[in-house]
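Below: data10.csv (CSV, C-alpha atoms and all ligand atoms)
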```csv
chain,number,residue,atom,x,y,z
A,24,MET,CA,2.4,3.0,-7.2
A,25,LYS,CA,4.5,0.0,-6.1
A,26,SER,CA,2.3,-3.2,-5.8
A,27,ARG,CA,2.7,-5.4,-2.8
A,28,ILE,CA,3.3,-9.2,-3.1
A,29,VAL,CA,1.0,-9.8,-0.1
A,30,TYR,CA,-2.4,-8.0,-0.1
A,31,GLY,CA,-5.7,-8.0,1.7
A,32,PRO,CA,-7.2,-9.4,3.7
A,33,ILE,CA,-10.0,-10.1,1.3
A,34,LEU,CA,-13.4,-11.5,2.0
A,35,SER,CA,-14.4,-14.1,-0.5
A,36,ARG,CA,-17.6,-16.1,-1.1
A,37,ARG,CA,-15.6,-19.3,-1.0
A,38,LEU,CA,-12.7,-18.9,1.4
A,39,GLY,CA,-13.9,-16.6,4.1
A,40,ARG,CA,-11.1,-14.2,5.1
A,41,SER,CA,-7.8,-14.7,3.4
A,42,LEU,CA,-4.6,-12.9,2.7
A,43,GLY,CA,-3.6,-13.0,-0.9
A,44,ILE,CA,-0.2,-13.5,-2.5
A,45,ASP,CA,0.7,-12.5,-6.0
A,46,VAL,CA,3.7,-14.3,-7.5
A,47,ILE,CA,4.4,-12.4,-10.7
A,48,LYS,CA,5.5,-8.8,-10.5
A,49,ASN,CA,3.0,-6.3,-11.6
A,50,THR,CA,5.2,-4.1,-13.8
A,51,GLY,CA,2.8,-2.1,-16.0
A,52,SER,CA,0.6,-5.0,-17.0
A,53,LYS,CA,-2.8,-5.1,-15.5
A,54,LYS,CA,-2.8,-8.9,-15.3
A,55,ASN,CA,-0.3,-11.6,-15.9
A,56,CYS,CA,-2.3,-14.5,-17.3
A,57,ASN,CA,-2.4,-17.0,-20.1
A,58,TYR,CA,-6.1,-16.7,-20.4
A,59,ASP,CA,-8.2,-13.6,-21.4
A,60,CYS,CA,-11.5,-14.7,-20.0
A,61,ILE,CA,-14.7,-12.9,-21.1
A,62,TYR,CA,-15.7,-12.7,-17.5
A,63,CYS,CA,-12.4,-11.5,-16.0
A,64,GLN,CA,-12.9,-8.9,-13.3
A,65,LEU,CA,-9.5,-7.3,-14.1
A,66,GLY,CA,-10.6,-6.4,-17.6
A,67,HIS,CA,-9.3,-7.3,-21.1
A,68,VAL,CA,-5.6,-7.3,-21.9
A,69,GLU,CA,-3.6,-8.8,-24.8
A,70,LEU,CA,-2.0,-12.1,-23.7
A,71,LYS,CA,1.8,-11.9,-23.3
A,72,LEU,CA,2.3,-15.1,-21.4
A,73,GLY,CA,1.7,-18.7,-22.5
A,74,SER,CA,3.8,-20.8,-20.3
A,75,PRO,CA,6.1,-20.4,-17.2
A,76,GLU,CA,9.1,-20.0,-19.5
A,77,ASP,CA,7.6,-16.7,-20.8
A,78,VAL,CA,7.5,-15.1,-17.3
A,79,LYS,CA,10.2,-12.4,-17.0
A,80,GLU,CA,9.1,-10.9,-13.6
A,81,ALA,CA,8.6,-13.9,-11.4
A,82,VAL,CA,8.6,-13.2,-7.6
A,83,THR,CA,11.2,-15.3,-5.8
A,84,PRO,CA,10.4,-17.6,-2.7
A,85,LYS,CA,12.6,-15.3,-0.6
A,86,GLU,CA,10.6,-12.2,-1.6
A,87,VAL,CA,7.4,-14.0,-0.8
A,88,SER,CA,8.6,-15.2,2.7
A,89,GLU,CA,10.0,-11.7,3.6
A,90,SER,CA,6.8,-9.9,2.5
A,91,PHE,CA,4.6,-12.4,4.2
A,92,GLU,CA,6.5,-12.3,7.5
A,93,LYS,CA,6.1,-8.5,7.5
A,94,PHE,CA,2.3,-8.5,7.1
A,95,TYR,CA,0.6,-11.6,8.3
A,96,LYS,CA,0.9,-10.9,12.0
A,97,ASP,CA,-1.2,-7.7,11.4
A,98,VAL,CA,-4.3,-9.8,10.7
A,99,GLU,CA,-6.2,-12.1,13.0
A,100,GLY,CA,-8.9,-14.6,12.1
A,101,LEU,CA,-7.5,-15.8,8.7
A,102,ASP,CA,-9.2,-18.8,7.2
A,103,TYR,CA,-6.7,-19.2,4.3
A,104,ILE,CA,-3.5,-17.8,2.7
A,105,THR,CA,-4.4,-17.7,-1.0
A,106,PHE,CA,-2.1,-17.6,-4.1
A,107,SER,CA,-4.0,-15.7,-6.7
A,108,GLY,CA,-4.1,-12.0,-7.6
A,109,THR,CA,-3.3,-10.4,-10.9
A,110,CYS,CA,-1.7,-13.5,-12.3
A,111,GLU,CA,-2.1,-17.2,-12.9
A,112,PRO,CA,0.0,-18.5,-9.9
A,113,SER,CA,1.0,-21.7,-11.6
A,114,LEU,CA,3.0,-19.7,-14.1
A,115,ASN,CA,5.6,-19.3,-11.3
A,116,LEU,CA,7.5,-22.6,-11.1
A,117,SER,CA,8.7,-21.9,-7.5
A,118,LEU,CA,5.1,-22.0,-6.3
A,119,GLY,CA,5.6,-25.4,-4.4
A,120,GLU,CA,8.5,-24.0,-2.4
A,121,MET,CA,6.6,-20.8,-1.6
A,122,ILE,CA,3.6,-22.8,-0.3
A,123,GLN,CA,5.8,-24.8,2.0
A,124,SER,CA,7.5,-21.8,3.5
A,125,ILE,CA,4.2,-19.9,4.0
A,126,ARG,CA,2.7,-22.9,5.8
A,127,GLU,CA,5.7,-23.2,8.0
A,128,ILE,CA,5.6,-19.5,8.9
A,129,SER,CA,1.9,-19.2,9.7
A,130,GLY,CA,0.3,-22.6,10.1
A,131,VAL,CA,-2.7,-21.3,8.2
A,132,PRO,CA,-4.0,-23.5,5.4
A,133,VAL,CA,-2.8,-22.6,1.9
A,134,CYS,CA,-5.1,-22.4,-1.1
A,135,VAL,CA,-4.1,-21.9,-4.8
A,136,ILE,CA,-6.7,-20.5,-7.2
A,137,THR,CA,-5.8,-21.6,-10.6
A,138,ASN,CA,-7.3,-21.3,-14.1
A,139,SER,CA,-6.2,-24.9,-14.7
A,140,SER,CA,-4.3,-24.0,-17.9
A,141,LEU,CA,-1.1,-25.7,-17.0
A,142,MET,CA,-2.5,-28.8,-15.5
A,143,GLY,CA,-1.0,-30.9,-18.3
A,144,ARG,CA,2.5,-30.2,-16.9
A,145,GLU,CA,3.9,-32.6,-14.2
A,146,ASP,CA,6.1,-29.9,-12.6
A,147,VAL,CA,3.0,-27.6,-12.2
A,148,ARG,CA,0.9,-30.4,-10.7
A,149,LYS,CA,3.7,-31.2,-8.3
A,150,ASN,CA,3.7,-27.6,-7.1
A,151,LEU,CA,0.0,-27.4,-6.8
A,152,SER,CA,-0.1,-30.7,-4.8
A,153,GLN,CA,1.7,-28.9,-2.0
A,154,ALA,CA,-1.4,-26.8,-1.3
A,155,ASP,CA,-4.1,-27.8,1.2
A,156,LEU,CA,-6.8,-26.7,-1.3
A,157,VAL,CA,-6.6,-26.2,-5.0
A,158,VAL,CA,-9.5,-24.4,-6.5
A,159,ALA,CA,-9.3,-25.1,-10.3
A,160,THR,CA,-11.5,-23.5,-13.0
A,161,LEU,CA,-13.5,-25.7,-15.3
A,162,VAL,CA,-16.1,-23.9,-17.3
A,163,SER,CA,-17.1,-26.5,-19.9
A,164,GLY,CA,-16.5,-30.1,-21.0
A,165,ILE,CA,-16.7,-28.9,-24.6
A,166,GLU,CA,-13.5,-27.5,-26.1
A,167,LYS,CA,-15.3,-24.9,-28.3
A,168,THR,CA,-17.1,-23.4,-25.3
A,169,TRP,CA,-13.9,-23.5,-23.2
A,170,ARG,CA,-12.1,-21.5,-26.0
A,171,LYS,CA,-14.9,-19.0,-26.3
A,172,ILE,CA,-15.0,-18.3,-22.6
A,173,HIS,CA,-11.3,-18.3,-21.7
A,174,ARG,CA,-9.7,-17.1,-25.0
A,175,PRO,CA,-6.5,-19.0,-24.0
A,176,ALA,CA,-2.9,-18.5,-25.3
A,177,PRO,CA,-2.4,-20.8,-28.4
A,178,CYS,CA,-0.1,-23.3,-26.7
A,179,ILE,CA,-2.7,-24.4,-24.1
A,180,ASN,CA,-4.3,-27.7,-24.8
A,181,PHE,CA,-7.9,-28.5,-23.5
A,182,GLN,CA,-7.5,-32.3,-23.4
A,183,GLU,CA,-4.3,-32.1,-21.4
A,184,ILE,CA,-6.1,-29.9,-18.9
A,185,ILE,CA,-8.8,-32.5,-18.3
A,186,GLU,CA,-6.2,-35.3,-18.0
A,187,GLY,CA,-4.1,-33.1,-15.6
A,188,LEU,CA,-7.0,-32.4,-13.4
A,189,ARG,CA,-7.7,-36.1,-13.2
A,190,GLU,CA,-4.1,-36.8,-12.2
A,191,LEU,CA,-4.1,-34.0,-9.5
A,192,ALA,CA,-7.4,-35.4,-8.1
A,193,LYS,CA,-5.8,-38.9,-7.9
A,194,ALA,CA,-2.8,-37.5,-6.0
A,195,GLY,CA,-5.1,-36.8,-3.0
A,196,ASP,CA,-3.0,-37.3,0.1
A,197,GLY,CA,-5.3,-35.4,2.4
A,198,LYS,CA,-5.2,-32.4,0.0
A,199,LYS,CA,-8.4,-31.2,-1.7
A,200,LEU,CA,-9.2,-30.4,-5.3
A,201,ALA,CA,-12.3,-28.2,-5.8
A,202,LEU,CA,-13.5,-27.6,-9.3
A,203,GLU,CA,-14.9,-24.1,-9.7
A,204,VAL,CA,-17.6,-24.1,-12.3
A,205,MET,CA,-18.5,-20.5,-13.3
A,206,PHE,CA,-21.8,-20.3,-15.2
A,207,LEU,CA,-22.4,-17.5,-17.6
A,208,GLU,CA,-25.1,-16.2,-19.8
A,209,SER,CA,-24.9,-13.9,-22.8
A,210,GLU,CA,-27.0,-10.7,-23.2
A,211,THR,CA,-27.4,-11.5,-26.9
A,212,GLY,CA,-29.1,-14.9,-26.1
A,213,GLU,CA,-26.1,-16.8,-27.6
A,214,PRO,CA,-25.7,-19.9,-25.5
A,215,LEU,CA,-22.6,-20.1,-23.3
A,216,ASN,CA,-22.2,-22.8,-20.7
A,217,SER,CA,-25.5,-23.0,-18.8
A,218,THR,CA,-27.6,-24.9,-21.4
A,219,ASP,CA,-28.8,-28.5,-20.6
A,220,GLU,CA,-26.3,-29.9,-23.2
A,221,GLU,CA,-23.4,-28.1,-21.5
A,222,VAL,CA,-24.5,-29.3,-18.1
A,223,ASP,CA,-24.7,-32.9,-19.3
A,224,CYS,CA,-21.3,-32.7,-20.8
A,225,LEU,CA,-19.8,-31.1,-17.6
A,226,ILE,CA,-21.2,-33.8,-15.5
A,227,LYS,CA,-19.5,-36.5,-17.7
A,228,THR,CA,-16.2,-34.6,-17.5
A,229,ILE,CA,-16.4,-34.0,-13.8
A,230,ARG,CA,-17.2,-37.7,-13.2
A,231,TYR,CA,-14.0,-38.5,-15.2
A,232,ILE,CA,-11.9,-36.1,-13.2
A,233,CYS,CA,-13.3,-37.1,-9.8
A,234,PRO,CA,-12.6,-34.0,-7.7
A,235,ASP,CA,-13.3,-33.7,-4.0
A,236,GLU,CA,-15.7,-30.7,-4.3
A,237,ILE,CA,-17.6,-28.9,-7.0
A,238,GLU,CA,-18.4,-25.2,-6.6
A,239,VAL,CA,-21.3,-23.9,-8.6
A,240,LEU,CA,-21.3,-20.1,-9.1
A,241,THR,CA,-21.8,-17.2,-11.4
A,242,ILE,CA,-20.1,-13.8,-11.8
A,243,SER,CA,-20.6,-11.2,-9.1
A,244,ARG,CA,-18.3,-8.4,-10.4
A,245,PRO,CA,-18.3,-6.4,-13.7
A,246,PRO,CA,-16.9,-8.7,-16.4
A,247,ALA,CA,-14.3,-7.8,-19.1
A,248,GLU,CA,-17.0,-8.1,-21.8
A,249,LYS,CA,-20.2,-6.1,-21.1
A,250,TRP,CA,-22.4,-8.7,-22.9
A,251,VAL,CA,-21.6,-11.4,-20.3
A,252,LYS,CA,-24.3,-11.7,-17.7
A,253,PRO,CA,-24.7,-13.7,-14.5
A,254,VAL,CA,-26.9,-16.8,-14.6
A,255,SER,CA,-30.1,-16.3,-12.6
A,256,GLU,CA,-30.2,-17.7,-9.1
A,257,GLU,CA,-33.1,-20.0,-10.1
A,258,ARG,CA,-31.0,-21.6,-13.0
A,259,LEU,CA,-28.0,-21.8,-10.7
A,260,ARG,CA,-30.0,-23.7,-8.2
A,261,GLU,CA,-31.4,-26.1,-10.9
A,262,ILE,CA,-27.8,-26.8,-12.1
A,263,ALA,CA,-26.6,-27.4,-8.5
A,264,ASP,CA,-29.5,-29.8,-7.9
A,265,ARG,CA,-28.5,-31.8,-11.0
A,266,PHE,CA,-24.9,-31.9,-9.7
A,267,ILE,CA,-26.1,-33.0,-6.3
A,268,SER,CA,-28.1,-35.9,-7.7
A,269,GLU,CA,-25.0,-37.0,-9.6
A,270,PHE,CA,-22.2,-36.4,-7.1
A,271,GLY,CA,-24.0,-36.1,-3.7
A,272,ALA,CA,-24.8,-33.1,-1.5
A,273,GLU,CA,-21.5,-33.4,0.4
A,274,LYS,CA,-19.5,-32.7,-2.7
A,275,VAL,CA,-21.4,-29.8,-4.3
A,276,ARG,CA,-21.4,-26.3,-3.0
A,277,LEU,CA,-23.7,-23.6,-4.4
A,278,VAL,CA,-21.9,-20.3,-3.9
A,279,LEU,CA,-24.3,-17.4,-3.6
A,280,LYS,CA,-23.2,-14.9,-1.0
A,281,GLY,CA,-20.0,-14.0,0.8
A,282,LYS,CA,-19.4,-14.7,4.5
A,283,LYS,CA,-18.9,-11.7,6.7
A,284,LYS,CA,-16.5,-12.5,9.4
A,285,LYS,CA,-14.7,-9.9,11.5
A,286,ALA,CA,-11.0,-9.8,11.9
A,287,LYS,CA,-8.6,-7.5,13.6
A,288,VAL,CA,-6.2,-5.8,11.2
A,289,LEU,CA,-3.3,-3.5,12.0
A,290,HIS,CA,-3.1,-0.9,9.2
A,291,ARG,CA,0.4,0.5,8.4
A,292,ASP,CA,-0.3,2.4,5.1
A,293,LEU,CA,-4.0,2.5,4.3
A,294,GLU,CA,-3.6,4.0,0.8
A,295,GLU,CA,-1.2,1.3,-0.2
A,296,GLU,CA,-3.4,-1.4,1.3
A,297,VAL,CA,-6.5,-0.2,-0.5
A,298,TYR,CA,-4.6,0.1,-3.8
A,299,ALA,CA,-3.1,-3.4,-3.4
A,300,LEU,CA,-6.6,-4.8,-2.9
A,301,LEU,CA,-8.2,-3.0,-5.8
A,302,LEU,CA,-5.4,-4.1,-8.1
A,303,ARG,CA,-6.3,-7.7,-7.6
A,304,ARG,CA,-10.0,-7.5,-7.0
A,305,PRO,CA,-12.5,-4.7,-7.9
A,306,CYS,CA,-14.6,-4.0,-4.9
A,307,THR,CA,-17.6,-1.8,-4.0
A,308,PHE,CA,-17.2,0.7,-1.2
A,309,GLU,CA,-18.8,-1.7,1.3
A,310,GLN,CA,-16.6,-4.7,0.2
A,311,THR,CA,-13.5,-2.6,0.5
A,312,TRP,CA,-14.0,-1.4,4.1
A,313,GLN,CA,-15.4,-4.8,5.2
A,314,GLY,CA,-12.6,-6.7,3.5
A,315,LEU,CA,-9.8,-4.6,5.1
A,316,SER,CA,-11.7,-4.2,8.4
A,317,ILE,CA,-11.6,-0.4,8.4
A,318,ASP,CA,-13.9,2.3,9.4
A,319,PRO,CA,-16.0,3.4,6.3
A,320,GLU,CA,-15.3,7.1,7.1
A,321,SER,CA,-11.5,6.5,6.9
A,322,LEU,CA,-11.9,4.8,3.5
A,323,ARG,CA,-13.8,7.7,1.8
A,324,PRO,CA,-10.9,10.2,1.6
A,325,VAL,CA,-8.5,7.4,0.5
A,326,LEU,CA,-10.7,6.4,-2.4
A,327,GLU,CA,-11.2,10.1,-3.4
A,328,LYS,CA,-7.4,10.7,-3.4
A,329,LEU,CA,-6.7,7.6,-5.5
A,330,LEU,CA,-9.5,8.6,-7.9
A,331,ALA,CA,-8.2,12.2,-8.2
A,332,GLU,CA,-4.6,10.9,-8.8
A,333,GLY,CA,-6.0,8.6,-11.6
A,334,LYS,CA,-4.7,5.4,-9.8
A,335,ILE,CA,-8.2,3.8,-9.6
A,336,GLU,CA,-11.4,4.1,-11.6
A,337,GLU,CA,-15.1,3.5,-11.1
A,338,ILE,CA,-16.7,0.7,-13.1
A,339,GLY,CA,-20.1,-1.1,-13.0
A,340,SER,CA,-23.4,0.7,-13.0
A,341,LYS,CA,-24.9,3.7,-11.1
A,342,ASN,CA,-26.5,1.3,-8.6
A,343,SER,CA,-23.5,-0.8,-8.1
A,344,VAL,CA,-20.2,1.1,-8.3
A,345,TYR,CA,-17.0,-0.9,-8.1
A,346,TYR,CA,-13.5,0.6,-7.7
A,347,ARG,CA,-10.7,-0.9,-9.7
A,348,ALA,CA,-7.0,-0.1,-10.0
A,349,LYS,CA,-6.1,1.4,-13.4
B,401,LIG,S1,-10.4,-14.5,-14.8
B,401,LIG,FE1,-8.5,-15.3,-14.0
B,401,LIG,S2,-7.9,-16.8,-15.5
B,401,LIG,FE2,-9.3,-15.5,-16.5
B,401,LIG,S3,-8.1,-13.9,-17.5
B,401,LIG,FE3,-8.8,-13.1,-15.5
B,401,LIG,S4,-7.0,-13.6,-14.2
B,401,LIG,FE4,-6.8,-14.9,-16.0
```
Represent the structure of the file as structure tokens.
Ligand code: SF4
Amino acid sequence: MKSRIVYGPILSRRLGRSLGIDVIKNTGSKKNCNYDCIYCQLGHVELKLGSPEDVKEAVTPKEVSESFEKFYKDVEGLDYITFSGTCEPSLNLSLGEMIQSIREISGVPVCVITNSSLMGREDVRKNLSQADLVVATLVSGIEKTWRKIHRPAPCINFQEIIEGLRELAKAGDGKKLALEVMFLESETGEPLNSTDEEVDCLIKTIRYICPDEIEVLTISRPPAEKWVKPVSEERLREIADRFISEFGAEKVRLVLKGKKKKAKVLHRDLEEEVYALLLRRPCTFEQTWQGLSIDPESLRPVLEKLLAEGKIEEIGSKNSVYYRAK
């Protein structure tokens, strides 16, 4: 099935209702990324990309504008247009140009969700600085833990990421940098990034970077590695309290649950829209109909057809079934 450049709308815990844009073509690869995170909701794949120069299937600014113009008027009540999806958006070096044209077309604020891997590059920072909001991942201040969690391509340098994040935060200019700190635990009891030592080191690193916001959260979807578990709400609150005492309540956001906001959406091809969403974000039945603003009864036959055709699969547990594109 052909994947669309613009997908959604999706409901997210951080951004409310947003329309997503994927800037690398999905030609057979489940994800186009230079990390292979243990918590990735898209599953595990072998890394084929390290830097923007490795990208063979980049979407062009013209393709983004045309696809966006076609779909965005079908959705009302958008909070953000978000560059994310099955790829690391900063791998596309035309990102800055795309952000500018999307803002001109819609007037809706633009967000880029990035794994931070290319922050050391000036051209990438320049692109990112066009966005109204950059949500950048930082899982640890300790390189060994960062490697264990992200399993990055060999050319990616941890220290350059920290320095790059600091540079981007300094650029300011009315734009916001939010650090997304995803806390994880391991089923085996092996410490990951939620220990006291890790939290102390993260605080030091965040103080050095000086972002506008810090988001504290844990996984909510089935991860690539089954042994990775979410941090308990109690521990997450403890960590958020420590961050608040260091950085102030106005800077720290504890992300626990998604907002549910209604939007009017005109549906042209429901099957294609459902597939496009599940390709970027595994969803439960409820999350799918809520995100796309459709009647649950119309969704059921679409999911059954996609399952029967082998285009999507069920993952998660009996009590919490997620649908994901294959
Ligand atoms: S979680 Fe994001 S950064 Fe990590 S492997 Fe998946 S797509 Fe890449």
Pull the closest atom pair for each residue of chain A that gets at most 10 Å from ligand LIG 401 (chain B), along with the distance in Å to one decimal, counting all atoms listed in the file, ordering rows by chain and then ascending residue number, as JSON lines.
```
{"residue": "A:Lys53", "atom": "CA", "partner": "B:LIG401", "partner_atom": "S4", "distance": 9.6}
{"residue": "A:Lys54", "atom": "CA", "partner": "B:LIG401", "partner_atom": "S4", "distance": 6.4}
{"residue": "A:Asn55", "atom": "CA", "partner": "B:LIG401", "partner_atom": "S4", "distance": 7.2}
{"residue": "A:Cys56", "atom": "CA", "partner": "B:LIG401", "partner_atom": "FE4", "distance": 4.7}
{"residue": "A:Asn57", "atom": "CA", "partner": "B:LIG401", "partner_atom": "FE4", "distance": 6.4}
{"residue": "A:Tyr58", "atom": "CA", "partner": "B:LIG401", "partner_atom": "S3", "distance": 4.5}
{"residue": "A:Asp59", "atom": "CA", "partner": "B:LIG401", "partner_atom": "S3", "distance": 3.9}
{"residue": "A:Cys60", "atom": "CA", "partner": "B:LIG401", "partner_atom": "FE2", "distance": 4.2}
{"residue": "A:Ile61", "atom": "CA", "partner": "B:LIG401", "partner_atom": "FE2", "distance": 7.6}
{"residue": "A:Tyr62", "atom": "CA", "partner": "B:LIG401", "partner_atom": "S1", "distance": 6.2}
{"residue": "A:Cys63", "atom": "CA", "partner": "B:LIG401", "partner_atom": "S1", "distance": 3.8}
{"residue": "A:Gln64", "atom": "CA", "partner": "B:LIG401", "partner_atom": "FE3", "distance": 6.3}
{"residue": "A:Leu65", "atom": "CA", "partner": "B:LIG401", "partner_atom": "FE3", "distance": 6.0}
{"residue": "A:Gly66", "atom": "CA", "partner": "B:LIG401", "partner_atom": "FE3", "distance": 7.2}
{"residue": "A:His67", "atom": "CA", "partner": "B:LIG401", "partner_atom": "S3", "distance": 7.6}
{"residue": "A:Val68", "atom": "CA", "partner": "B:LIG401", "partner_atom": "S3", "distance": 8.3}
{"residue": "A:Glu69", "atom": "CA", "partner": "B:LIG401", "partner_atom": "S3", "distance": 10.0}
{"residue": "A:Leu70", "atom": "CA", "partner": "B:LIG401", "partner_atom": "S3", "distance": 8.9}
{"residue": "A:Ser107", "atom": "CA", "partner": "B:LIG401", "partner_atom": "S4", "distance": 8.3}
{"residue": "A:Gly108", "atom": "CA", "partner": "B:LIG401", "partner_atom": "S4", "distance": 7.4}
{"residue": "A:Thr109", "atom": "CA", "partner": "B:LIG401", "partner_atom": "S4", "distance": 5.9}
{"residue": "A:Cys110", "atom": "CA", "partner": "B:LIG401", "partner_atom": "S4", "distance": 5.6}
{"residue": "A:Glu111", "atom": "CA", "partner": "B:LIG401", "partner_atom": "FE4", "distance": 6.1}
{"residue": "A:Pro112", "atom": "CA", "partner": "B:LIG401", "partner_atom": "S4", "distance": 9.6}
{"residue": "A:Ile136", "atom": "CA", "partner": "B:LIG401", "partner_atom": "FE1", "distance": 8.7}
{"residue": "A:Thr137", "atom": "CA", "partner": "B:LIG401", "partner_atom": "S2", "distance": 7.2}
{"residue": "A:Asn138", "atom": "CA", "partner": "B:LIG401", "partner_atom": "S2", "distance": 4.8}
{"residue": "A:Ser139", "atom": "CA", "partner": "B:LIG401", "partner_atom": "S2", "distance": 8.3}
{"residue": "A:Ser140", "atom": "CA", "partner": "B:LIG401", "partner_atom": "S2", "distance": 8.4}
{"residue": "A:Ala159", "atom": "CA", "partner": "B:LIG401", "partner_atom": "S2", "distance": 9.9}
{"residue": "A:Thr160", "atom": "CA", "partner": "B:LIG401", "partner_atom": "S2", "distance": 8.0}
{"residue": "A:Ile172", "atom": "CA", "partner": "B:LIG401", "partner_atom": "FE2", "distance": 8.8}
{"residue": "A:His173", "atom": "CA", "partner": "B:LIG401", "partner_atom": "FE2", "distance": 6.2}
{"residue": "A:Arg174", "atom": "CA", "partner": "B:LIG401", "partner_atom": "S3", "distance": 8.3}
{"residue": "A:Pro175", "atom": "CA", "partner": "B:LIG401", "partner_atom": "S3", "distance": 8.4}
{"residue": "A:Pro246", "atom": "CA", "partner": "B:LIG401", "partner_atom": "S1", "distance": 8.9}
{"residue": "A:Ala247", "atom": "CA", "partner": "B:LIG401", "partner_atom": "FE3", "distance": 8.4}
{"residue": "A:Arg303", "atom": "CA", "partner": "B:LIG401", "partner_atom": "S4", "distance": 8.9}
{"residue": "A:Arg304", "atom": "CA", "partner": "B:LIG401", "partner_atom": "S4", "distance": 9.9}
```
Quick one: distance from atom CA of Leu114 of chain A to atom CA of Arg148 of chain A in Å, one decimal?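 We find that atom CA of Leu114 of chain A and atom CA of Arg148 of chain A lie 11.4 Å from each other.
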Separation of atom CA of Arg347 of chain A from atom CA of Arg323 of chain A, in Å and rounded to one decimal: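 Separation between atom CA of Arg347 of chain A and atom CA of Arg323 of chain A: 14.7 Å.
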Between atom CA of Pro245 of chain A and atom CA of Pro214 of chain A, what distance in Å does the model show, to one decimal? 19.4 Å
Have a look at A:Val254, A:Val46, A:Val29, A:Leu116 and name the one nearest to Gly212 of chain A; count all atoms listed in the file.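 Smallest separation from Gly212 of chain A among the options: A:Val254.
Distances from A:Leu301, A:Leu202, A:Leu329, A:Ile242 to Val275 of chain A were compared using only C-alpha atoms, and the smallest one belongs to A:Leu202.
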Select, counting only C-alpha atoms, all protein, DNA and RNA residues no farther than 8 Å from (6.9, -11.8, -2.8) in file coordinates, and express the selection as a list in words.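 Returned residue set, sorted by chain then number, is Arg27, Ile28, Val29, Ile44, Asp45, Val46, Val82, Thr83, Pro84, Lys85, Glu86, Val87, Ser88, Glu89, Ser90 and Phe91 of chain A.
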With a distance cut-off of 12 Å and all atoms listed in the file, select the neighbouring residues of Ile232 of chain A, excluding the residue or stretch itself and same-chain residues fewer than 2 positions from it, and output the selection as a PyMOL selection string. chain A and resi 159+161+164+182-194+200-202+225-230+234-237+270
Which residue gives the smallest distance to Val325 of chain A among A:Leu293, A:Leu151, A:Val239, A:Met142, with all atoms listed in the file counted? A:Leu293
All residues 8 Å or closer to Cys306 of chain A, all atoms listed in the file, same chain fewer than 2 positions away omitted, as a ChimeraX atom specification: /A:244,301,304,308-311,345-347
Find the spatial neighbours of Leu42 of chain A, counting all atoms listed in the file, within a cut-off of 10 Å - ignore same-chain residues fewer than 4 positions away - and output them as a list in words. Val29, Tyr30, Gly31, Pro32, Ile33, Leu34, Phe91, Phe94, Tyr95, Val98, Leu101, Asp102, Tyr103, Ile104, Thr105, Phe106, Ser107 and Val133 of chain A
Output file: segment 142-153 of chain A, N, CA and C atoms, as a short mmCIF file (atom, residue, chain, number, x, y, z; two decimals), in the first residue's frame:
```cif
data_model
loop_
_atom_site.label_atom_id
_atom_site.label_comp_id
_atom_site.auth_asym_id
_atom_site.auth_seq_id
_atom_site.Cartn_x
_atom_site.Cartn_y
_atom_site.Cartn_z
N MET A 142 22.20 16.74 16.14
CA MET A 142 22.29 18.08 16.73
C MET A 142 23.67 18.70 16.59
N GLY A 143 24.69 17.86 16.42
CA GLY A 143 26.05 18.38 16.29
C GLY A 143 26.26 19.11 14.97
N ARG A 144 25.37 18.93 14.00
CA ARG A 144 25.55 19.54 12.67
C ARG A 144 24.87 20.91 12.62
N GLU A 145 25.62 21.89 12.13
CA GLU A 145 25.08 23.25 12.05
C GLU A 145 23.92 23.34 11.06
N ASP A 146 24.04 22.63 9.90
CA ASP A 146 22.95 22.70 8.91
C ASP A 146 21.66 22.12 9.47
N VAL A 147 21.76 21.07 10.26
CA VAL A 147 20.56 20.46 10.86
C VAL A 147 19.95 21.41 11.90
N ARG A 148 20.80 22.02 12.72
CA ARG A 148 20.28 22.97 13.73
C ARG A 148 19.58 24.14 13.06
N LYS A 149 20.14 24.60 11.95
CA LYS A 149 19.53 25.72 11.22
C LYS A 149 18.13 25.32 10.75
N ASN A 150 17.99 24.11 10.23
CA ASN A 150 16.67 23.62 9.80
C ASN A 150 15.71 23.56 10.99
N LEU A 151 16.17 22.97 12.08
CA LEU A 151 15.31 22.80 13.24
C LEU A 151 14.87 24.14 13.83
N SER A 152 15.76 25.13 13.72
CA SER A 152 15.43 26.43 14.34
C SER A 152 14.28 27.15 13.61
N GLN A 153 13.84 26.62 12.47
CA GLN A 153 12.68 27.19 11.78
C GLN A 153 11.37 26.82 12.46
#
```
